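What follows is a single structure, written as structure tokens, with notes after it.
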Amino acid sequence: MGQSSSSNVERACEVLMHLGQAGPMGVSLKDLASAIGEAKSATHRALTALAQHGFVEGTGRRGFYRLGPAIFGLSNRPSSINELVRQFRSAVVEIAAQVGYSSYLLVRAGFDAMCVDMQEGTAFVQTLTGGVGGRVPLGIGPGSISILASLDERTRAAIIAHNAPRYARYNNTKEGDVLTRLDRGITMGFSYDIGETYADAGGVAVGIRRNGMPLPATLSIAIPSSQLDDSRAAEIASEIRRIMEMHCR
């Protein structure tokens, strides 16, 4: 019974995450079931249960579903994430203005890093999360590497082992690649990516600290890989750190 209950919860979480990526047009039951690797009947039961509590609703188009109003209500209740976004909003804006490229505030969400705030820059650069609400496995991209670096060694190892099968989807990344990038990030005090995940895209991320203690959160920027090298990454990291300290005392 416990295993069945766990499976139902996991299925519901998968449904919500995929609907969150679908937008207001929603997604069909058939496509949703295929995306989460479940039978249509099981997926429909999860949708029905979630709809009863307002987390899912129909789009008006037969067989299509999207996130419901309960998601909006929960996301706007006071929480530690709301506080974090308010505290670092000015820094997110300033970083984008100073560097000229989009900036992101990422936090840990289970085995993933999730974007909770962003400020668009002057040029488009392919990103891993795609914007607010987007998520990526911890271990992929400089933002998630910085979050991993904030965690204790045992927790890092457990997360990397769990996510290892997911890494290949990102430029055939292997567990050893993640460990190398993590070691580099811990040593340097910031993380960067120069075409490691996407050939034309790069990024720099600095972990957030509060009262001298690291938080499972980071501020990052996306920048074309052609405009980034080791020296430039260090300069950008210093600028991000300076802005964080100025705006978020």
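Going by the structure tokens order, chains are called A, B, ..., each with residues numbered from 1, while ligands are numbered from 1 in the order shown.
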
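For Gly134 of chain A, the residues within 10 Å (counting only C-alpha atoms, excluding itself and residues fewer than 4 positions away along the chain) are A:Met17, A:Gly20, A:Gln21, A:Leu106, A:Asp112, A:Ala113, A:Met114, A:Cys115, A:Val116, A:Thr127, A:Leu128, A:Thr129, A:Gly130.
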
Legend entry - Near-Ile71 of chain A list (10 Å; only C-alpha atoms; drop same-chain fewer than 5 positions) as a PyMOL selection string: chain A and resi 16+20+53-56+76

Inset, instruction - Measuring atom to atom with only C-alpha atoms, identify which of A:Arg11, A:Lys40, A:His18, A:His162 is nearest to Leu138 of chain A. - result: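 Selected residue with least distance to Leu138 of chain A: A:His162.
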
Legend entry - A:Phe64, A:Ala217, A:Gly58, A:Tyr192 ranked by distance to Ser150 of chain A, top pick (using only C-alpha atoms): A:Ala217

Inset, instruction - May I ask for the distance between atom CA of Gln119 of chain A and atom CA of Gly189 of chain A, given in Å to one decimal place? - result: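 Interatomic distance here is 23.4 Å.
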
Inset, instruction - Give the strand (DSSP E) residues of segment 199-240 of chain A, as assigned by DSSP on the backbone, as a PyMOL selection string. - result: chain A and resi 201-210+213-224

Would you save the residues from that selection as a PDB file, in the first residue's frame, using N, CA and C atoms?
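Dumped to out-v6.pdb:
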ATOM      1  N   ALA A 201      26.238  28.201 -26.023  1.00  0.00           N
ATOM      2  CA  ALA A 201      25.787  28.894 -24.809  1.00  0.00           C
ATOM      3  C   ALA A 201      26.760  28.700 -23.658  1.00  0.00           C
ATOM      4  N   GLY A 202      26.862  29.718 -22.838  1.00  0.00           N
ATOM      5  CA  GLY A 202      27.689  29.658 -21.647  1.00  0.00           C
ATOM      6  C   GLY A 202      26.961  30.278 -20.480  1.00  0.00           C
ATOM      7  N   GLY A 203      27.553  30.211 -19.315  1.00  0.00           N
ATOM      8  CA  GLY A 203      26.936  30.798 -18.144  1.00  0.00           C
ATOM      9  C   GLY A 203      27.908  30.884 -16.991  1.00  0.00           C
ATOM     10  N   VAL A 204      27.566  31.746 -16.042  1.00  0.00           N
ATOM     11  CA  VAL A 204      28.356  31.920 -14.823  1.00  0.00           C
ATOM     12  C   VAL A 204      27.385  31.994 -13.657  1.00  0.00           C
ATOM     13  N   ALA A 205      27.704  31.356 -12.550  1.00  0.00           N
ATOM     14  CA  ALA A 205      26.813  31.347 -11.387  1.00  0.00           C
ATOM     15  C   ALA A 205      27.601  31.481 -10.096  1.00  0.00           C
ATOM     16  N   VAL A 206      27.017  32.213  -9.155  1.00  0.00           N
ATOM     17  CA  VAL A 206      27.619  32.386  -7.829  1.00  0.00           C
ATOM     18  C   VAL A 206      26.584  31.990  -6.791  1.00  0.00           C
ATOM     19  N   GLY A 207      26.967  31.125  -5.873  1.00  0.00           N
ATOM     20  CA  GLY A 207      26.061  30.689  -4.821  1.00  0.00           C
ATOM     21  C   GLY A 207      25.730  31.808  -3.853  1.00  0.00           C
ATOM     22  N   ILE A 208      24.532  31.752  -3.294  1.00  0.00           N
ATOM     23  CA  ILE A 208      24.052  32.769  -2.359  1.00  0.00           C
ATOM     24  C   ILE A 208      24.384  32.354  -0.930  1.00  0.00           C
ATOM     25  N   ARG A 209      24.825  33.321  -0.162  1.00  0.00           N
ATOM     26  CA  ARG A 209      25.123  33.080   1.249  1.00  0.00           C
ATOM     27  C   ARG A 209      24.290  34.029   2.100  1.00  0.00           C
ATOM     28  N   ARG A 210      23.904  33.564   3.273  1.00  0.00           N
ATOM     29  CA  ARG A 210      23.163  34.398   4.216  1.00  0.00           C
ATOM     30  C   ARG A 210      23.790  34.215   5.592  1.00  0.00           C
ATOM     31  N   MET A 213      26.540  31.737   5.735  1.00  0.00           N
ATOM     32  CA  MET A 213      26.252  30.334   5.463  1.00  0.00           C
ATOM     33  C   MET A 213      25.688  30.173   4.055  1.00  0.00           C
ATOM     34  N   PRO A 214      26.124  29.132   3.324  1.00  0.00           N
ATOM     35  CA  PRO A 214      25.619  28.929   1.968  1.00  0.00           C
ATOM     36  C   PRO A 214      24.160  28.477   1.962  1.00  0.00           C
ATOM     37  N   LEU A 215      23.398  28.990   0.999  1.00  0.00           N
ATOM     38  CA  LEU A 215      22.019  28.569   0.792  1.00  0.00           C
ATOM     39  C   LEU A 215      21.951  27.712  -0.468  1.00  0.00           C
ATOM     40  N   PRO A 216      20.956  26.836  -0.589  1.00  0.00           N
ATOM     41  CA  PRO A 216      20.786  26.061  -1.830  1.00  0.00           C
ATOM     42  C   PRO A 216      20.124  26.917  -2.904  1.00  0.00           C
ATOM     43  N   ALA A 217      20.813  28.005  -3.249  1.00  0.00           N
ATOM     44  CA  ALA A 217      20.288  28.971  -4.217  1.00  0.00           C
ATOM     45  C   ALA A 217      21.466  29.676  -4.880  1.00  0.00           C
ATOM     46  N   THR A 218      21.230  30.221  -6.058  1.00  0.00           N
ATOM     47  CA  THR A 218      22.321  30.848  -6.799  1.00  0.00           C
ATOM     48  C   THR A 218      21.809  31.930  -7.728  1.00  0.00           C
ATOM     49  N   LEU A 219      22.660  32.884  -8.037  1.00  0.00           N
ATOM     50  CA  LEU A 219      22.395  33.891  -9.063  1.00  0.00           C
ATOM     51  C   LEU A 219      23.306  33.596 -10.246  1.00  0.00           C
ATOM     52  N   SER A 220      22.749  33.605 -11.460  1.00  0.00           N
ATOM     53  CA  SER A 220      23.541  33.251 -12.630  1.00  0.00           C
ATOM     54  C   SER A 220      23.180  34.115 -13.819  1.00  0.00           C
ATOM     55  N   ILE A 221      24.023  34.083 -14.833  1.00  0.00           N
ATOM     56  CA  ILE A 221      23.737  34.756 -16.103  1.00  0.00           C
ATOM     57  C   ILE A 221      23.984  33.763 -17.233  1.00  0.00           C
ATOM     58  N   ALA A 222      23.295  33.991 -18.346  1.00  0.00           N
ATOM     59  CA  ALA A 222      23.524  33.217 -19.570  1.00  0.00           C
ATOM     60  C   ALA A 222      24.212  34.126 -20.572  1.00  0.00           C
ATOM     61  N   ILE A 223      25.240  33.621 -21.235  1.00  0.00           N
ATOM     62  CA  ILE A 223      26.055  34.435 -22.139  1.00  0.00           C
ATOM     63  C   ILE A 223      26.556  33.544 -23.274  1.00  0.00           C
ATOM     64  N   PRO A 224      26.677  34.067 -24.493  1.00  0.00           N
ATOM     65  CA  PRO A 224      27.210  33.231 -25.575  1.00  0.00           C
ATOM     66  C   PRO A 224      28.589  32.682 -25.213  1.00  0.00           C
TER      67      PRO A 224
END

Inset, instruction - Using only C-alpha atoms, determine which residues lie at most 10 Å from Ile159 of chain A, disregarding the query and same-chain residues fewer than 2 positions distant; provide the list as JSON, numbers by chain. - result: {"A": [110, 111, 112, 137, 138, 139, 148, 154, 155, 156, 157, 161, 162, 163, 164]}

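Distances from A:Ile95, A:Ile36, A:Glu14, A:Pro165 to Glu245 of chain A were compared using only C-alpha atoms, and the smallest one belongs to A:Ile95.
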
Inset, instruction - Would you return as a PyMOL selection string the members of segment 4-136 of chain A that DSSP assigns to helix (DSSP H, G or I) on this structure's backbone? - result: chain A and resi 4-22+29-36+40-52+69-75+80-99

Inset, instruction - To one decimal in Å, tell me the separation between atom CA of Ile160 of chain A and atom CA of Asp31 of chain A. - result: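 Rounded to one decimal, the two atoms are 29.0 Å apart.
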